[in-house]
$ cat coords.txt   # compact mmCIF, N, CA and C atoms
# COMPACT_ATOMS: atom_id res chain seq x y z
N MET A 15 0.84 -1.17 0.00
CA MET A 15 0.00 0.00 0.00
C MET A 15 0.89 1.24 0.00
N VAL A 16 0.58 2.17 -0.87
CA VAL A 16 1.32 3.43 -0.86
C VAL A 16 0.83 4.28 0.30
N SER A 17 1.68 5.16 0.76
CA SER A 17 1.27 6.07 1.83
C SER A 17 0.29 7.08 1.25
N ARG A 18 -0.68 7.49 2.09
CA ARG A 18 -1.63 8.49 1.63
C ARG A 18 -1.81 9.56 2.68
N LEU A 19 -2.18 10.74 2.21
CA LEU A 19 -2.42 11.89 3.06
C LEU A 19 -3.85 12.34 2.79
N ASN A 20 -4.64 12.51 3.85
CA ASN A 20 -6.02 12.94 3.69
C ASN A 20 -6.53 13.62 4.95
N PRO A 21 -7.63 14.38 4.83
CA PRO A 21 -8.22 15.00 6.01
C PRO A 21 -8.85 13.96 6.92
N TYR A 22 -8.84 14.23 8.22
CA TYR A 22 -9.49 13.39 9.22
C TYR A 22 -10.32 14.33 10.09
N LEU A 23 -11.63 14.17 10.04
CA LEU A 23 -12.54 15.07 10.73
C LEU A 23 -12.95 14.49 12.08
N THR A 24 -13.11 15.35 13.07
CA THR A 24 -13.53 14.94 14.41
C THR A 24 -14.91 15.50 14.69
N PHE A 25 -15.79 14.64 15.20
CA PHE A 25 -17.17 15.03 15.48
C PHE A 25 -17.47 14.83 16.95
N ASP A 26 -18.52 15.49 17.40
CA ASP A 26 -18.91 15.45 18.80
C ASP A 26 -20.15 14.58 18.97
N GLY A 27 -20.08 13.32 18.51
CA GLY A 27 -21.17 12.37 18.69
C GLY A 27 -22.02 12.13 17.46
N ASP A 28 -21.77 12.86 16.38
CA ASP A 28 -22.59 12.67 15.18
C ASP A 28 -21.77 12.27 13.94
N ALA A 29 -20.68 11.55 14.19
CA ALA A 29 -19.81 11.13 13.07
C ALA A 29 -20.55 10.23 12.09
N ARG A 30 -21.37 9.30 12.60
CA ARG A 30 -22.10 8.39 11.70
C ARG A 30 -22.96 9.19 10.72
N GLN A 31 -23.74 10.12 11.24
CA GLN A 31 -24.62 10.92 10.39
C GLN A 31 -23.81 11.75 9.39
N ALA A 32 -22.72 12.34 9.86
CA ALA A 32 -21.90 13.17 8.98
C ALA A 32 -21.26 12.33 7.87
N MET A 33 -20.68 11.20 8.23
CA MET A 33 -20.01 10.37 7.23
C MET A 33 -21.02 9.79 6.22
N GLU A 34 -22.21 9.44 6.70
CA GLU A 34 -23.25 8.97 5.78
C GLU A 34 -23.69 10.09 4.84
N PHE A 35 -23.74 11.31 5.36
CA PHE A 35 -24.06 12.47 4.52
C PHE A 35 -22.99 12.64 3.43
N TYR A 36 -21.71 12.58 3.82
CA TYR A 36 -20.64 12.74 2.83
C TYR A 36 -20.68 11.63 1.79
N GLN A 37 -21.10 10.44 2.19
CA GLN A 37 -21.26 9.36 1.22
C GLN A 37 -22.36 9.69 0.22
N GLU A 38 -23.46 10.30 0.69
CA GLU A 38 -24.53 10.73 -0.22
C GLU A 38 -24.02 11.79 -1.18
N VAL A 39 -23.17 12.69 -0.69
CA VAL A 39 -22.65 13.77 -1.52
C VAL A 39 -21.66 13.25 -2.56
N PHE A 40 -20.68 12.45 -2.12
CA PHE A 40 -19.56 12.04 -2.99
C PHE A 40 -19.68 10.64 -3.56
N GLY A 41 -20.60 9.81 -3.02
CA GLY A 41 -20.68 8.42 -3.44
C GLY A 41 -19.56 7.62 -2.80
N GLY A 42 -19.42 6.39 -3.21
CA GLY A 42 -18.29 5.59 -2.75
C GLY A 42 -18.63 4.60 -1.66
N THR A 43 -17.58 4.05 -1.09
CA THR A 43 -17.68 3.00 -0.08
C THR A 43 -17.36 3.58 1.28
N LEU A 44 -18.29 3.39 2.22
CA LEU A 44 -18.12 3.89 3.58
C LEU A 44 -17.90 2.72 4.52
N ASP A 45 -16.85 2.80 5.29
CA ASP A 45 -16.50 1.76 6.27
C ASP A 45 -16.48 2.41 7.64
N LEU A 46 -17.38 1.97 8.55
CA LEU A 46 -17.48 2.55 9.88
C LEU A 46 -17.20 1.50 10.95
N HIS A 47 -16.42 1.87 11.96
CA HIS A 47 -16.11 1.00 13.10
C HIS A 47 -16.42 1.76 14.38
N THR A 48 -17.15 1.13 15.29
CA THR A 48 -17.52 1.78 16.54
C THR A 48 -16.51 1.45 17.64
N TYR A 49 -16.60 2.19 18.75
CA TYR A 49 -15.78 1.88 19.91
C TYR A 49 -16.13 0.47 20.41
N GLY A 50 -17.39 0.08 20.29
CA GLY A 50 -17.81 -1.26 20.69
C GLY A 50 -17.15 -2.35 19.85
N ASP A 51 -16.88 -2.06 18.58
CA ASP A 51 -16.21 -3.03 17.71
C ASP A 51 -14.79 -3.31 18.18
N PHE A 52 -14.19 -2.38 18.91
CA PHE A 52 -12.80 -2.51 19.34
C PHE A 52 -12.68 -2.78 20.83
N GLY A 53 -13.52 -3.66 21.34
CA GLY A 53 -13.35 -4.15 22.69
C GLY A 53 -14.01 -3.36 23.79
N GLN A 54 -14.90 -2.43 23.46
CA GLN A 54 -15.58 -1.65 24.48
C GLN A 54 -17.10 -1.76 24.28
N PRO A 55 -17.67 -3.00 24.19
CA PRO A 55 -19.09 -3.15 23.84
C PRO A 55 -20.06 -2.61 24.88
N ASP A 56 -19.64 -2.49 26.13
CA ASP A 56 -20.54 -2.01 27.18
C ASP A 56 -20.30 -0.55 27.56
N ALA A 57 -19.36 0.09 26.92
CA ALA A 57 -19.06 1.49 27.25
C ALA A 57 -20.22 2.40 26.79
N PRO A 58 -20.42 3.51 27.48
CA PRO A 58 -21.51 4.42 27.09
C PRO A 58 -21.40 4.90 25.64
N ASN A 59 -20.19 4.96 25.11
CA ASN A 59 -19.99 5.44 23.74
C ASN A 59 -19.80 4.28 22.75
N ALA A 60 -20.20 3.07 23.12
CA ALA A 60 -19.96 1.88 22.28
C ALA A 60 -20.48 2.03 20.86
N GLY A 61 -21.57 2.76 20.67
CA GLY A 61 -22.14 2.92 19.34
C GLY A 61 -21.57 4.08 18.55
N GLN A 62 -20.71 4.89 19.18
CA GLN A 62 -20.10 6.00 18.47
C GLN A 62 -18.97 5.51 17.57
N ILE A 63 -18.62 6.31 16.61
CA ILE A 63 -17.63 5.92 15.60
C ILE A 63 -16.20 6.17 16.11
N MET A 64 -15.40 5.09 16.14
CA MET A 64 -13.99 5.19 16.51
C MET A 64 -13.16 5.51 15.26
N HIS A 65 -13.60 4.98 14.12
CA HIS A 65 -12.89 5.25 12.86
C HIS A 65 -13.85 5.01 11.70
N GLY A 66 -13.91 5.99 10.82
CA GLY A 66 -14.69 5.87 9.60
C GLY A 66 -13.86 6.31 8.42
N MET A 67 -14.09 5.63 7.27
CA MET A 67 -13.35 6.00 6.07
C MET A 67 -14.26 5.90 4.86
N LEU A 68 -14.31 6.97 4.09
CA LEU A 68 -15.06 7.02 2.85
C LEU A 68 -14.07 7.10 1.71
N GLU A 69 -14.18 6.14 0.79
CA GLU A 69 -13.35 6.15 -0.42
C GLU A 69 -14.30 6.31 -1.59
N THR A 70 -14.06 7.36 -2.39
CA THR A 70 -15.00 7.72 -3.44
C THR A 70 -14.52 7.26 -4.82
N PRO A 71 -15.45 7.18 -5.79
CA PRO A 71 -15.07 6.81 -7.16
C PRO A 71 -14.09 7.80 -7.79
N SER A 72 -14.09 9.05 -7.29
CA SER A 72 -13.19 10.07 -7.83
C SER A 72 -11.79 10.00 -7.23
N GLY A 73 -11.59 9.07 -6.28
CA GLY A 73 -10.28 8.93 -5.67
C GLY A 73 -10.11 9.73 -4.39
N PHE A 74 -11.18 10.34 -3.88
CA PHE A 74 -11.10 11.07 -2.62
C PHE A 74 -11.13 10.09 -1.46
N THR A 75 -10.42 10.40 -0.40
CA THR A 75 -10.49 9.65 0.84
C THR A 75 -10.78 10.66 1.95
N LEU A 76 -11.82 10.38 2.72
CA LEU A 76 -12.20 11.22 3.84
C LEU A 76 -12.36 10.31 5.05
N MET A 77 -11.67 10.65 6.14
CA MET A 77 -11.78 9.87 7.36
C MET A 77 -12.41 10.73 8.44
N GLY A 78 -13.04 10.07 9.42
CA GLY A 78 -13.65 10.80 10.51
C GLY A 78 -14.00 9.89 11.67
N ALA A 79 -14.24 10.50 12.82
CA ALA A 79 -14.58 9.75 14.03
C ALA A 79 -15.20 10.68 15.05
N ASP A 80 -15.90 10.07 16.02
CA ASP A 80 -16.36 10.84 17.17
C ASP A 80 -15.18 11.08 18.09
N ASN A 81 -15.22 12.17 18.80
CA ASN A 81 -14.17 12.53 19.73
C ASN A 81 -13.94 11.39 20.73
N PRO A 82 -12.69 10.95 20.91
CA PRO A 82 -12.41 9.84 21.83
C PRO A 82 -12.78 10.19 23.27
N PRO A 83 -13.21 9.19 24.04
CA PRO A 83 -13.52 9.43 25.44
C PRO A 83 -12.30 9.97 26.18
N GLY A 84 -12.53 10.94 27.04
CA GLY A 84 -11.45 11.50 27.85
C GLY A 84 -10.71 12.64 27.18
N MET A 85 -10.93 12.86 25.90
CA MET A 85 -10.27 13.98 25.21
C MET A 85 -11.25 15.14 25.15
N GLU A 86 -10.70 16.36 25.21
CA GLU A 86 -11.55 17.54 25.14
C GLU A 86 -12.30 17.56 23.82
N SER A 87 -13.52 18.05 23.88
CA SER A 87 -14.34 18.16 22.68
C SER A 87 -13.73 19.17 21.73
N PRO A 88 -13.73 18.87 20.44
CA PRO A 88 -13.14 19.82 19.49
C PRO A 88 -13.95 21.10 19.43
N GLN A 89 -13.28 22.20 19.57
CA GLN A 89 -13.96 23.50 19.50
C GLN A 89 -13.50 24.25 18.25
N ASP A 90 -12.25 24.67 18.27
CA ASP A 90 -11.74 25.45 17.15
C ASP A 90 -11.31 24.58 15.99
N SER A 91 -10.78 23.41 16.28
CA SER A 91 -10.22 22.57 15.23
C SER A 91 -10.92 21.22 15.22
N ARG A 92 -11.66 20.96 14.17
CA ARG A 92 -12.36 19.69 14.03
C ARG A 92 -11.71 18.83 12.95
N TYR A 93 -10.46 19.08 12.67
CA TYR A 93 -9.78 18.31 11.64
C TYR A 93 -8.38 17.93 12.11
N SER A 94 -7.84 16.92 11.46
CA SER A 94 -6.43 16.55 11.54
C SER A 94 -6.05 16.14 10.13
N VAL A 95 -4.76 16.07 9.88
CA VAL A 95 -4.30 15.53 8.62
C VAL A 95 -3.77 14.14 8.93
N SER A 96 -4.23 13.15 8.18
CA SER A 96 -3.88 11.76 8.43
C SER A 96 -2.86 11.28 7.41
N LEU A 97 -1.81 10.63 7.91
CA LEU A 97 -0.83 9.94 7.06
C LEU A 97 -0.96 8.46 7.39
N SER A 98 -1.16 7.64 6.39
CA SER A 98 -1.32 6.21 6.66
C SER A 98 -0.73 5.39 5.53
N GLY A 99 -0.36 4.17 5.87
CA GLY A 99 0.22 3.24 4.91
C GLY A 99 0.99 2.17 5.65
N ASP A 100 1.80 1.41 4.90
CA ASP A 100 2.56 0.32 5.54
C ASP A 100 4.07 0.46 5.38
N ASP A 101 4.52 1.60 4.86
CA ASP A 101 5.96 1.84 4.74
C ASP A 101 6.48 2.42 6.06
N ASP A 102 6.94 1.53 6.92
CA ASP A 102 7.35 1.90 8.27
C ASP A 102 8.40 3.02 8.27
N ALA A 103 9.44 2.88 7.50
CA ALA A 103 10.53 3.86 7.49
C ALA A 103 10.04 5.23 7.00
N GLU A 104 9.27 5.23 5.95
CA GLU A 104 8.77 6.49 5.39
C GLU A 104 7.88 7.21 6.41
N LEU A 105 6.90 6.49 6.96
CA LEU A 105 5.95 7.12 7.88
C LEU A 105 6.60 7.52 9.20
N ARG A 106 7.55 6.71 9.70
CA ARG A 106 8.28 7.08 10.91
C ARG A 106 9.11 8.35 10.68
N GLY A 107 9.68 8.47 9.49
CA GLY A 107 10.44 9.67 9.15
C GLY A 107 9.56 10.91 9.17
N TYR A 108 8.35 10.79 8.59
CA TYR A 108 7.41 11.91 8.63
C TYR A 108 7.06 12.26 10.08
N TRP A 109 6.79 11.21 10.89
CA TRP A 109 6.42 11.42 12.30
C TRP A 109 7.51 12.20 13.03
N GLU A 110 8.75 11.76 12.86
CA GLU A 110 9.87 12.42 13.56
C GLU A 110 9.96 13.90 13.20
N LYS A 111 9.81 14.19 11.93
CA LYS A 111 9.92 15.58 11.48
C LYS A 111 8.72 16.41 11.92
N LEU A 112 7.50 15.83 11.83
CA LEU A 112 6.30 16.58 12.19
C LEU A 112 6.22 16.85 13.69
N SER A 113 6.65 15.89 14.50
CA SER A 113 6.53 16.04 15.96
C SER A 113 7.68 16.88 16.54
N ALA A 114 8.80 17.00 15.82
CA ALA A 114 9.93 17.79 16.31
C ALA A 114 9.51 19.25 16.47
N GLY A 115 9.68 19.79 17.66
CA GLY A 115 9.31 21.18 17.92
C GLY A 115 7.83 21.39 18.15
N GLY A 116 7.07 20.32 18.11
CA GLY A 116 5.63 20.41 18.36
C GLY A 116 5.28 19.69 19.64
N SER A 117 4.08 19.15 19.71
CA SER A 117 3.67 18.41 20.90
C SER A 117 3.04 17.07 20.49
N VAL A 118 3.29 16.05 21.29
CA VAL A 118 2.77 14.71 21.03
C VAL A 118 1.64 14.45 22.02
N SER A 119 0.45 14.15 21.50
CA SER A 119 -0.69 13.84 22.38
C SER A 119 -0.88 12.33 22.52
N VAL A 120 -0.52 11.56 21.49
CA VAL A 120 -0.54 10.09 21.54
C VAL A 120 0.79 9.62 20.94
N PRO A 121 1.64 8.99 21.74
CA PRO A 121 2.92 8.51 21.20
C PRO A 121 2.71 7.49 20.07
N LEU A 122 3.62 7.48 19.12
CA LEU A 122 3.56 6.53 18.02
C LEU A 122 3.94 5.16 18.56
N GLU A 123 2.91 4.31 18.78
CA GLU A 123 3.13 2.97 19.33
C GLU A 123 1.97 2.06 18.95
N LYS A 124 2.14 0.78 19.18
CA LYS A 124 1.12 -0.21 18.81
C LYS A 124 -0.18 0.05 19.55
N GLN A 125 -1.30 -0.05 18.81
CA GLN A 125 -2.63 0.22 19.36
C GLN A 125 -3.47 -1.05 19.37
N MET A 126 -4.66 -0.97 19.98
CA MET A 126 -5.51 -2.15 20.14
C MET A 126 -5.95 -2.75 18.81
N TRP A 127 -5.94 -1.98 17.72
CA TRP A 127 -6.32 -2.54 16.42
C TRP A 127 -5.13 -3.15 15.69
N GLY A 128 -3.95 -3.13 16.31
CA GLY A 128 -2.80 -3.82 15.75
C GLY A 128 -1.80 -2.96 15.01
N ASP A 129 -2.19 -1.76 14.62
CA ASP A 129 -1.28 -0.86 13.91
C ASP A 129 -0.53 0.00 14.90
N GLU A 130 0.54 0.63 14.41
CA GLU A 130 1.21 1.66 15.20
C GLU A 130 0.56 2.98 14.82
N PHE A 131 0.24 3.79 15.83
CA PHE A 131 -0.51 5.02 15.61
C PHE A 131 -0.02 6.07 16.59
N GLY A 132 0.02 7.32 16.14
CA GLY A 132 0.36 8.43 17.00
C GLY A 132 -0.32 9.71 16.55
N MET A 133 -0.46 10.64 17.49
CA MET A 133 -1.04 11.94 17.18
C MET A 133 -0.11 13.03 17.71
N CYS A 134 0.11 14.04 16.89
CA CYS A 134 0.94 15.16 17.31
C CYS A 134 0.41 16.44 16.68
N THR A 135 0.86 17.55 17.22
CA THR A 135 0.57 18.85 16.63
C THR A 135 1.92 19.45 16.29
N ASP A 136 2.08 19.83 15.02
CA ASP A 136 3.38 20.35 14.60
C ASP A 136 3.62 21.75 15.17
N ARG A 137 4.79 22.30 14.93
CA ARG A 137 5.16 23.58 15.52
C ARG A 137 4.35 24.75 14.98
N PHE A 138 3.53 24.50 13.94
CA PHE A 138 2.67 25.53 13.39
C PHE A 138 1.22 25.39 13.84
N GLY A 139 0.96 24.40 14.72
CA GLY A 139 -0.38 24.21 15.25
C GLY A 139 -1.28 23.30 14.43
N VAL A 140 -0.72 22.60 13.44
CA VAL A 140 -1.52 21.69 12.62
C VAL A 140 -1.51 20.30 13.25
N PRO A 141 -2.70 19.73 13.52
CA PRO A 141 -2.77 18.39 14.11
C PRO A 141 -2.58 17.30 13.05
N TRP A 142 -1.75 16.30 13.40
CA TRP A 142 -1.43 15.18 12.51
C TRP A 142 -1.71 13.85 13.20
N MET A 143 -2.10 12.85 12.41
CA MET A 143 -2.23 11.48 12.86
C MET A 143 -1.43 10.61 11.90
N VAL A 144 -0.65 9.71 12.46
CA VAL A 144 0.15 8.80 11.63
C VAL A 144 -0.23 7.37 12.02
N ASN A 145 -0.60 6.57 11.01
CA ASN A 145 -0.98 5.16 11.23
C ASN A 145 -0.11 4.29 10.33
N ILE A 146 0.66 3.40 10.94
CA ILE A 146 1.52 2.48 10.20
C ILE A 146 0.90 1.09 10.34
N SER A 147 0.36 0.60 9.22
CA SER A 147 -0.24 -0.73 9.24
C SER A 147 0.82 -1.77 8.87
N ARG A 148 0.59 -2.95 9.28
CA ARG A 148 1.47 -4.06 8.96
C ARG A 148 1.05 -4.66 7.62
N PRO A 149 1.98 -4.87 6.71
CA PRO A 149 1.62 -5.49 5.43
C PRO A 149 0.99 -6.86 5.67
N GLU A 150 -0.06 -7.16 4.91
CA GLU A 150 -0.74 -8.46 5.09
C GLU A 150 -0.10 -9.53 4.27
$ encode --input "coords.txt" --output "structure tokens"
Amino acid sequence: MVSRLNPYLTFDGDARQAMEFYQEVFGGTLDLHTYGDFGQPDAPNAGQIMHGMLETPSGFTLMGADNPPGMESPQDSRYSVSLSGDDDAELRGYWEKLSAGGSVSVPLEKQMWGDEFGMCTDRFGVPWMVNISRPE
């Protein structure tokens, strides 16, 4: 898989409705995963979206999710830029450069879904997410 860069939108409990709306607008395939799908079936937010991805016939990719439990609700910034793929060296290199001089909110490390993932804000205030998947 080649690395890709795309917007990642954060919602305050209505990610499912928003992502379904964007699917109506752009067409394509929508893949939604809830917090309950990832080992939290009894949590109050089990039905909220942990990760959603819309891939359109025009080649657009739009990702989104409900705000994670315990994190402040998005006020000014409801977006991040997502870098994802399976090229470990390439994506780690981007992570090192983007996080240098900025702040790390989630260290780049293995997550419950099996990938390595991290979140940082670069020195210019732009939020980034990096997901390194393992080749299948």
$ residues_around --input "coords.txt" --residues "Glu86 in chain A" --least-positions-apart "6" --cutoff "12 Å" --atoms "only C-alpha atoms" --output "PyMOL selection string"
chain A and resi 24-26+80+92+119
$ residues_around --input "coords.txt" --residues "Ser113 in chain A" --least-positions-apart "4" --cutoff "8 Å" --atoms "only N, CA and C atoms" --output "PyMOL selection string"
chain A and resi 107-109+117-118+133-137
$ closest_residue --input "coords.txt" --among "A:Leu76, A:Ala32, A:Leu44, A:Val39" --to "Leu19 in chain A" --atoms "only C-alpha atoms"
A:Leu76
$ select_by_dssp --input "coords.txt" --residues "range 98-137 of chain A" --states "strand (DSSP E)" --output "JSON, numbers by chain"
{"A": [98, 99, 117, 118, 119, 120, 121, 122, 123, 124, 130, 131, 132, 133, 134, 135]}
$ closest_residue --input "coords.txt" --among "A:Leu46, A:Phe138, A:Asp56, A:Gly84" --to "Ala114 in chain A" --atoms "only C-alpha atoms"
A:Phe138
$ closest_residue --input "coords.txt" --among "A:Ala103, A:Leu97, A:Ala60, A:Ala29" --to "Gly132 in chain A" --atoms "only C-alpha atoms"
A:Leu97
$ atom_distance --input "coords.txt" --atom1 "CA of Glu130 in chain A" --atom2 "CA of Asp100 in chain A"
9.8 Å
$ closest_residue --input "coords.txt" --among "A:Gly116, A:Gly41, A:Gly27, A:Gly99" --to "Ile146 in chain A" --atoms "only N, CA and C atoms"
A:Gly99
$ decode --input "coords.txt" --residues "range 62-79 of chain A" --atoms "N, CA, C and O atoms" --output "PDB file, in the first residue's frame"
ATOM      1  N   GLN A  62     -20.707   4.887  19.184  1.00  0.00           N
ATOM      2  CA  GLN A  62     -20.098   6.005  18.469  1.00  0.00           C
ATOM      3  C   GLN A  62     -18.966   5.507  17.572  1.00  0.00           C
ATOM      4  O   GLN A  62     -18.409   4.433  17.783  1.00  0.00           O
ATOM      5  N   ILE A  63     -18.617   6.313  16.605  1.00  0.00           N
ATOM      6  CA  ILE A  63     -17.626   5.922  15.603  1.00  0.00           C
ATOM      7  C   ILE A  63     -16.203   6.175  16.107  1.00  0.00           C
ATOM      8  O   ILE A  63     -15.844   7.296  16.447  1.00  0.00           O
ATOM      9  N   MET A  64     -15.403   5.086  16.143  1.00  0.00           N
ATOM     10  CA  MET A  64     -13.991   5.187  16.505  1.00  0.00           C
ATOM     11  C   MET A  64     -13.160   5.513  15.260  1.00  0.00           C
ATOM     12  O   MET A  64     -12.159   6.203  15.330  1.00  0.00           O
ATOM     13  N   HIS A  65     -13.603   4.976  14.119  1.00  0.00           N
ATOM     14  CA  HIS A  65     -12.895   5.246  12.861  1.00  0.00           C
ATOM     15  C   HIS A  65     -13.845   5.013  11.698  1.00  0.00           C
ATOM     16  O   HIS A  65     -14.499   3.987  11.620  1.00  0.00           O
ATOM     17  N   GLY A  66     -13.912   5.994  10.820  1.00  0.00           N
ATOM     18  CA  GLY A  66     -14.693   5.872   9.600  1.00  0.00           C
ATOM     19  C   GLY A  66     -13.857   6.306   8.416  1.00  0.00           C
ATOM     20  O   GLY A  66     -13.015   7.199   8.524  1.00  0.00           O
ATOM     21  N   MET A  67     -14.092   5.634   7.275  1.00  0.00           N
ATOM     22  CA  MET A  67     -13.347   5.998   6.067  1.00  0.00           C
ATOM     23  C   MET A  67     -14.265   5.899   4.863  1.00  0.00           C
ATOM     24  O   MET A  67     -14.914   4.879   4.649  1.00  0.00           O
ATOM     25  N   LEU A  68     -14.310   6.968   4.094  1.00  0.00           N
ATOM     26  CA  LEU A  68     -15.063   7.024   2.851  1.00  0.00           C
ATOM     27  C   LEU A  68     -14.068   7.100   1.707  1.00  0.00           C
ATOM     28  O   LEU A  68     -13.215   7.995   1.675  1.00  0.00           O
ATOM     29  N   GLU A  69     -14.176   6.141   0.786  1.00  0.00           N
ATOM     30  CA  GLU A  69     -13.352   6.149  -0.419  1.00  0.00           C
ATOM     31  C   GLU A  69     -14.295   6.313  -1.595  1.00  0.00           C
ATOM     32  O   GLU A  69     -15.212   5.516  -1.772  1.00  0.00           O
ATOM     33  N   THR A  70     -14.063   7.360  -2.389  1.00  0.00           N
ATOM     34  CA  THR A  70     -15.003   7.718  -3.445  1.00  0.00           C
ATOM     35  C   THR A  70     -14.519   7.261  -4.823  1.00  0.00           C
ATOM     36  O   THR A  70     -13.324   7.023  -5.024  1.00  0.00           O
ATOM     37  N   PRO A  71     -15.452   7.182  -5.786  1.00  0.00           N
ATOM     38  CA  PRO A  71     -15.068   6.812  -7.157  1.00  0.00           C
ATOM     39  C   PRO A  71     -14.094   7.804  -7.788  1.00  0.00           C
ATOM     40  O   PRO A  71     -13.348   7.456  -8.688  1.00  0.00           O
ATOM     41  N   SER A  72     -14.089   9.049  -7.288  1.00  0.00           N
ATOM     42  CA  SER A  72     -13.186  10.069  -7.832  1.00  0.00           C
ATOM     43  C   SER A  72     -11.793  10.000  -7.232  1.00  0.00           C
ATOM     44  O   SER A  72     -10.929  10.804  -7.571  1.00  0.00           O
ATOM     45  N   GLY A  73     -11.590   9.065  -6.282  1.00  0.00           N
ATOM     46  CA  GLY A  73     -10.278   8.929  -5.668  1.00  0.00           C
ATOM     47  C   GLY A  73     -10.106   9.734  -4.389  1.00  0.00           C
ATOM     48  O   GLY A  73      -9.007   9.806  -3.854  1.00  0.00           O
ATOM     49  N   PHE A  74     -11.181  10.344  -3.883  1.00  0.00           N
ATOM     50  CA  PHE A  74     -11.104  11.073  -2.616  1.00  0.00           C
ATOM     51  C   PHE A  74     -11.129  10.090  -1.458  1.00  0.00           C
ATOM     52  O   PHE A  74     -11.801   9.067  -1.523  1.00  0.00           O
ATOM     53  N   THR A  75     -10.419  10.403  -0.401  1.00  0.00           N
ATOM     54  CA  THR A  75     -10.492   9.653   0.842  1.00  0.00           C
ATOM     55  C   THR A  75     -10.775  10.656   1.950  1.00  0.00           C
ATOM     56  O   THR A  75     -10.064  11.652   2.093  1.00  0.00           O
ATOM     57  N   LEU A  76     -11.821  10.380   2.716  1.00  0.00           N
ATOM     58  CA  LEU A  76     -12.200  11.222   3.842  1.00  0.00           C
ATOM     59  C   LEU A  76     -12.363  10.315   5.048  1.00  0.00           C
ATOM     60  O   LEU A  76     -13.060   9.302   4.974  1.00  0.00           O
ATOM     61  N   MET A  77     -11.674  10.652   6.139  1.00  0.00           N
ATOM     62  CA  MET A  77     -11.782   9.869   7.363  1.00  0.00           C
ATOM     63  C   MET A  77     -12.415  10.727   8.440  1.00  0.00           C
ATOM     64  O   MET A  77     -12.341  11.952   8.396  1.00  0.00           O
ATOM     65  N   GLY A  78     -13.040  10.068   9.419  1.00  0.00           N
ATOM     66  CA  GLY A  78     -13.651  10.803  10.508  1.00  0.00           C
ATOM     67  C   GLY A  78     -14.004   9.895  11.667  1.00  0.00           C
ATOM     68  O   GLY A  78     -14.062   8.667  11.513  1.00  0.00           O
ATOM     69  N   ALA A  79     -14.235  10.496  12.824  1.00  0.00           N
ATOM     70  CA  ALA A  79     -14.580   9.752  14.030  1.00  0.00           C
ATOM     71  C   ALA A  79     -15.204  10.684  15.047  1.00  0.00           C
ATOM     72  O   ALA A  79     -15.056  11.905  14.967  1.00  0.00           O
TER      73      ALA A  79
END
